[in-house]
$ cat structure10.pdb   # PDB, C-alpha atoms, pLDDT in the B column
ATOM      1  CA  MET A 235     166.795   9.832 -96.374  1.00 47.00           C
ATOM      2  CA  THR A 236     167.940  10.694 -92.873  1.00 48.00           C
ATOM      3  CA  ASP A 237     165.857  10.259 -89.744  1.00 48.00           C
ATOM      4  CA  ALA A 238     165.297  14.004 -89.644  1.00 51.00           C
ATOM      5  CA  GLN A 239     163.979  13.900 -93.198  1.00 54.00           C
ATOM      6  CA  SER A 240     161.657  10.970 -92.493  1.00 55.00           C
ATOM      7  CA  GLY A 241     160.274  12.695 -89.407  1.00 59.00           C
ATOM      8  CA  GLU A 242     161.155   9.739 -87.181  1.00 61.00           C
ATOM      9  CA  ASN A 243     163.675   9.591 -84.414  1.00 63.00           C
ATOM     10  CA  PRO A 244     166.019   6.628 -84.241  1.00 58.00           C
ATOM     11  CA  PRO A 245     164.959   4.171 -81.538  1.00 52.00           C
ATOM     12  CA  PRO A 246     166.890   3.899 -78.286  1.00 58.00           C
ATOM     13  CA  ASP A 247     169.313   0.975 -78.212  1.00 62.00           C
ATOM     14  CA  ASP A 248     166.919  -1.205 -76.206  1.00 65.00           C
ATOM     15  CA  SER A 249     163.840  -0.910 -78.429  1.00 70.00           C
ATOM     16  CA  VAL A 250     162.674  -2.380 -81.705  1.00 71.00           C
ATOM     17  CA  THR A 251     163.539  -0.493 -84.891  1.00 66.00           C
ATOM     18  CA  PRO A 252     160.401   0.628 -86.765  1.00 72.00           C
ATOM     19  CA  ASP A 253     159.878  -0.988 -90.176  1.00 66.00           C
ATOM     20  CA  SER A 254     160.046   2.408 -91.860  1.00 65.00           C
ATOM     21  CA  LEU A 255     163.697   2.702 -90.798  1.00 62.00           C
ATOM     22  CA  LEU A 256     164.678  -0.788 -91.934  1.00 57.00           C
ATOM     23  CA  HIS A 257     165.857  -1.325 -95.483  1.00 58.00           C
ATOM     24  CA  THR A 258     168.333  -3.543 -97.283  1.00 57.00           C
ATOM     25  CA  GLY A 259     169.340  -1.078 -99.936  1.00 55.00           C
ATOM     26  CA  SER A 260     168.208  -3.139-102.899  1.00 53.00           C
ATOM     27  CA  GLU A 261     165.781  -0.365-103.797  1.00 62.00           C
ATOM     28  CA  GLY A 262     168.827   1.711-104.720  1.00 70.00           C
ATOM     29  CA  GLU A 263     172.174   1.011-106.332  1.00 83.00           C
ATOM     30  CA  VAL A 264     174.054  -1.969-104.878  1.00 87.00           C
ATOM     31  CA  SER A 265     177.808  -2.117-105.379  1.00 91.00           C
ATOM     32  CA  PRO A 266     179.972  -5.245-105.373  1.00 94.00           C
ATOM     33  CA  GLU A 267     181.498  -3.922-102.143  1.00 93.00           C
ATOM     34  CA  ASP A 268     178.022  -3.798-100.566  1.00 89.00           C
ATOM     35  CA  LEU A 269     177.382  -7.398-101.548  1.00 92.00           C
ATOM     36  CA  VAL A 270     180.743  -8.622-100.226  1.00 92.00           C
ATOM     37  CA  LEU A 271     180.248  -6.881 -96.891  1.00 90.00           C
ATOM     38  CA  ALA A 272     176.653  -8.122 -96.566  1.00 89.00           C
ATOM     39  CA  SER A 273     177.937 -11.667 -97.071  1.00 91.00           C
ATOM     40  CA  GLY A 274     180.390 -11.243 -94.193  1.00 91.00           C
ATOM     41  CA  ARG A 275     183.388 -11.704 -96.444  1.00 94.00           C
ATOM     42  CA  ASP A 276     186.561  -9.640 -96.670  1.00 95.00           C
ATOM     43  CA  LEU A 277     187.027  -7.127 -99.479  1.00 93.00           C
ATOM     44  CA  THR A 278     189.453  -9.109-101.624  1.00 96.00           C
ATOM     45  CA  PRO A 279     189.782  -9.122-105.412  1.00 97.00           C
ATOM     46  CA  GLU A 280     188.341 -12.670-105.511  1.00 98.00           C
ATOM     47  CA  ASN A 281     185.313 -11.729-103.396  1.00 97.00           C
ATOM     48  CA  LEU A 282     184.706  -8.582-105.434  1.00 97.00           C
ATOM     49  CA  ALA A 283     184.777 -10.670-108.621  1.00 98.00           C
ATOM     50  CA  TRP A 284     182.267 -13.079-107.033  1.00 97.00           C
ATOM     51  CA  ALA A 285     180.015 -10.140-106.124  1.00 96.00           C
ATOM     52  CA  GLN A 286     180.230  -8.662-109.614  1.00 97.00           C
ATOM     53  CA  ARG A 287     179.166 -12.003-111.123  1.00 97.00           C
ATOM     54  CA  LYS A 288     176.317 -12.365-108.612  1.00 96.00           C
ATOM     55  CA  LEU A 289     175.054  -8.839-109.322  1.00 95.00           C
ATOM     56  CA  ALA A 290     175.255  -9.469-113.072  1.00 96.00           C
ATOM     57  CA  GLU A 291     173.203 -12.660-112.676  1.00 96.00           C
ATOM     58  CA  GLU A 292     170.691 -11.589-110.022  1.00 93.00           C
ATOM     59  CA  GLY A 293     170.680  -7.801-110.052  1.00 90.00           C
ATOM     60  CA  PRO A 294     170.424  -5.619-106.921  1.00 87.00           C
ATOM     61  CA  GLY A 295     168.008  -8.086-105.287  1.00 87.00           C
ATOM     62  CA  ALA A 296     170.994 -10.391-104.693  1.00 90.00           C
ATOM     63  CA  ILE A 297     171.686  -8.483-101.487  1.00 89.00           C
ATOM     64  CA  ASP A 298     168.215  -9.356-100.147  1.00 86.00           C
ATOM     65  CA  LYS A 299     169.122 -13.040-100.245  1.00 87.00           C
ATOM     66  CA  LEU A 300     172.080 -12.415 -97.944  1.00 85.00           C
ATOM     67  CA  LEU A 301     170.370 -10.288 -95.319  1.00 78.00           C
ATOM     68  CA  PRO A 302     167.864 -11.559 -92.763  1.00 69.00           C
TER      69      PRO A 302
END
$ encode --input "structure10.pdb" --output "structure tokens"
Amino acid sequence: MTDAQSGENPPPDDSVTPDSLLHTGSEGEVSPEDLVLASGRDLTPENLAWAQRKLAEEGPGAIDKLLP
């Protein structure tokens, strides 16, 4: 959903982001690439294999453990 669809405007750079605009993405499909990038790692075959194993074990909620 875009900001226009949600009826909220994005905050200016110096303000706090409203909770309704914050999300980790685990409520939708999470790809191995998403998990690798959320972990701060480079997209390498080894890291993608790690992410695939982690998603197989923990499901999409695995990304929530990596994000603040």
$ residues_around --input "structure10.pdb" --residues "region 283-291 of chain A" --least-positions-apart "2" --cutoff "6 Å" --atoms "all atoms listed in the file" --output "number ranges by chain"
A: 266, 269, 280-281, 293
$ residues_around --input "structure10.pdb" --residues "Leu282 (chain A)" --least-positions-apart "5" --cutoff "7 Å" --atoms "only C-alpha atoms" --output "PyMOL selection string"
chain A and resi 266-267+270+277
$ atom_distance --input "structure10.pdb" --atom1 "CA of Lys299 (chain A)" --atom2 "CA of Pro279 (chain A)"
21.7 Å
$ atom_distance --input "structure10.pdb" --atom1 "CA of Pro294 (chain A)" --atom2 "CA of Glu263 (chain A)"
6.9 Å
$ atom_distance --input "structure10.pdb" --atom1 "CA of Gly262 (chain A)" --atom2 "CA of Gly274 (chain A)"
20.3 Å
$ build_atoms --input "structure10.pdb" --residues "region 281-295 of chain A" --atoms "N, CA and C atoms" --output "mmCIF file, in the coordinates of the input"
data_model
loop_
_atom_site.group_PDB
_atom_site.id
_atom_site.type_symbol
_atom_site.label_atom_id
_atom_site.label_comp_id
_atom_site.auth_asym_id
_atom_site.auth_seq_id
_atom_site.Cartn_x
_atom_site.Cartn_y
_atom_site.Cartn_z
ATOM 1 N N ASN A 281 186.671 -11.933 -103.885
ATOM 2 C CA ASN A 281 185.313 -11.729 -103.396
ATOM 3 C C ASN A 281 184.590 -10.638 -104.183
ATOM 4 N N LEU A 282 185.317 -9.624 -104.604
ATOM 5 C CA LEU A 282 184.706 -8.582 -105.434
ATOM 6 C C LEU A 282 184.305 -9.142 -106.798
ATOM 7 N N ALA A 283 185.120 -10.034 -107.352
ATOM 8 C CA ALA A 283 184.777 -10.670 -108.621
ATOM 9 C C ALA A 283 183.532 -11.540 -108.452
ATOM 10 N N TRP A 284 183.458 -12.276 -107.342
ATOM 11 C CA TRP A 284 182.267 -13.079 -107.033
ATOM 12 C C TRP A 284 181.027 -12.178 -106.977
ATOM 13 N N ALA A 285 181.144 -11.050 -106.287
ATOM 14 C CA ALA A 285 180.015 -10.140 -106.124
ATOM 15 C C ALA A 285 179.598 -9.534 -107.462
ATOM 16 N N GLN A 286 180.556 -9.202 -108.295
ATOM 17 C CA GLN A 286 180.230 -8.662 -109.614
ATOM 18 C C GLN A 286 179.456 -9.685 -110.446
ATOM 19 N N ARG A 287 179.880 -10.948 -110.394
ATOM 20 C CA ARG A 287 179.166 -12.003 -111.123
ATOM 21 C C ARG A 287 177.755 -12.182 -110.568
ATOM 22 N N LYS A 288 177.623 -12.180 -109.257
ATOM 23 C CA LYS A 288 176.317 -12.365 -108.612
ATOM 24 C C LYS A 288 175.378 -11.209 -108.967
ATOM 25 N N LEU A 289 175.882 -9.989 -108.956
ATOM 26 C CA LEU A 289 175.054 -8.839 -109.322
ATOM 27 C C LEU A 289 174.664 -8.893 -110.799
ATOM 28 N N ALA A 290 175.568 -9.357 -111.644
ATOM 29 C CA ALA A 290 175.255 -9.469 -113.072
ATOM 30 C C ALA A 290 174.159 -10.506 -113.299
ATOM 31 N N GLU A 291 174.188 -11.591 -112.529
ATOM 32 C CA GLU A 291 173.203 -12.660 -112.676
ATOM 33 C C GLU A 291 171.859 -12.317 -112.038
ATOM 34 N N GLU A 292 171.907 -11.744 -110.818
ATOM 35 C CA GLU A 292 170.691 -11.589 -110.022
ATOM 36 C C GLU A 292 170.212 -10.150 -109.867
ATOM 37 N N GLY A 293 171.046 -9.196 -110.224
ATOM 38 C CA GLY A 293 170.680 -7.801 -110.052
ATOM 39 C C GLY A 293 170.773 -7.371 -108.594
ATOM 40 N N PRO A 294 170.289 -6.157 -108.273
ATOM 41 C CA PRO A 294 170.424 -5.619 -106.921
ATOM 42 C C PRO A 294 169.707 -6.447 -105.857
ATOM 43 N N GLY A 295 168.715 -7.246 -106.254
ATOM 44 C CA GLY A 295 168.008 -8.086 -105.287
ATOM 45 C C GLY A 295 168.883 -9.169 -104.684
#
